[in-house]
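Asker: Got a structure here, written out as C-alpha cells. Questions coming.
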Amino acid sequence: PFDVELSRTGRTVHVAADRTILDAVEEAGVRVLSSCRQGVCGTCEIPVLAGEIDHRDAILTPEDKARSASMMVCVSRAAAGCSRLTLDL
Ligand code: FES
C-alpha cells in the first residue's frame, strides 16, 4: 500500500495492495485515459514527479524505466520501500 499525490489538485489517493493506481485514482473521481489496463498499450502513461517506481509494463524501454520520467498507472506501482509517489495528474 502507498499514497499517490496528484500534483494538479494537491489531492492524495491511497492505493491498497490489491488495487491499481488507475483504479484508485478513477475511484477518486479523476479521469485518466486508459485502454488495455494490462500495461501493453501505453494509453495510461503519466509523468512521474517524485517517488521510486516498480515498472510492470511492457511499453517502456529499460532506459525509460531507469529514468522513470513516466509510468503506466494501470500496472506499475510504487517500489518496495517507497510509500509516496507524486504524479502529474
Ligand atoms: Fe494500456 Fe495502461 S491502459 S498500458
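Residue names in the C-alpha cells use chain letters A, B, ... in the order shown, residue numbers from 1 in each chain, and ligand numbers from 1 in the order shown.
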For A:Ala17, find every residue with an atom within 10 Å (counting only C-alpha atoms), except residues of its own chain fewer than 6 positions away, and show them as a VMD selection string.

Answerer: chain A and resid 1 to 2 77

Asker: Kindly save the residues from that selection, with C-alpha atoms included, as a JSON list (two decimals), in the first residue's frame.

Answerer:
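Written output follows (selection30.json):
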[["chain", "number", "residue", "atom", "x", "y", "z"],
["A", 1, "PRO", "CA", 0.00, 0.00, 0.00],
["A", 2, "PHE", "CA", 1.18, 3.51, -0.77],
["A", 77, "ARG", "CA", 3.35, 0.68, -8.64]]

Asker: Taking only C-alpha atoms and all ligand atoms and a cut-off of 8 Å, can you tell me which residues surround ligand 1, written as a list in words?

Answerer: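 My answer, listing the contacting residues, is Leu33, Ser34, Ser35, Cys36, Arg37, Gln38, Gly39, Val40, Cys41, Gly42, Thr43, Cys44, Glu45, Asp57, Ala58, Ile59, Met72, Val73, Cys74 and Val75 of chain A.
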
Asker: Determine which residues of stretch 6-89 of chain A DSSP labels as strand (DSSP E) from the backbone of this structure, then write them out as number ranges by chain.

Answerer: A: 6, 11-15, 45-50, 53-54, 70-72, 77-78, 84-87

Asker: Using only C-alpha atoms, which residues sit within 9 Å of A:Ser7 once same-chain residues fewer than 2 positions away are excluded, as a list in words?

Answerer: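 These residues fall inside the cut-off: Glu5, Thr9, Gly10, Arg11, Thr12, Leu49, Thr86, Leu87, Asp88 and Leu89 of chain A.
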
Asker: Write out as a list in words which residues come within 6 Å of A:Ser70 when counting only C-alpha atoms, dropping same-chain ones fewer than 3 positions away.

Answerer: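 Final neighbour list, sorted by chain and number: Ile46, Pro47 and Val48 of chain A.
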
Asker: Identify which of the residues A:Asp3, A:Val30, A:Ala80, A:Ile53 lies closest to A:Ser68, counting only C-alpha atoms when measuring atom-to-atom distances.

Answerer: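 The answer is A:Ile53, which sits nearest to A:Ser68.
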
Asker: Just list as a list in words whatever in chain A DSSP marks as helix (DSSP H, G or I).

Answerer: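 So, restricting chain A to helix (DSSP H, G or I), we get Ile21, Leu22, Asp23, Ala24, Val25, Glu26, Glu27, Pro62, Glu63, Asp64, Lys65, Ala66 and Arg67 of chain A.
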
Asker: Please report the interatomic distance between atom CA of A:Glu63 and atom CA of A:Leu6 in Å with one decimal.

Answerer: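 Atom CA of A:Leu6 lies 24.9 Å from atom CA of A:Glu63.
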
Asker: Under the rule that only C-alpha atoms are counted, which of A:Ile21, A:Val15, A:Ala66, A:Ala50 is the nearest residue to A:Leu85?

Answerer: A:Ala50

Asker: Looking at only C-alpha atoms, which of A:Arg67, A:Glu27, A:Arg19, A:Ser76 is the one that sits closest to A:His55?

Answerer: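 Among the listed residues, A:Ser76 lies closest to A:His55.
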
Asker: Have a look at A:Arg84, A:Val4, A:Asp64, A:Met71 and name the one nearest to A:Ala24; count only C-alpha atoms.

Answerer: A:Val4
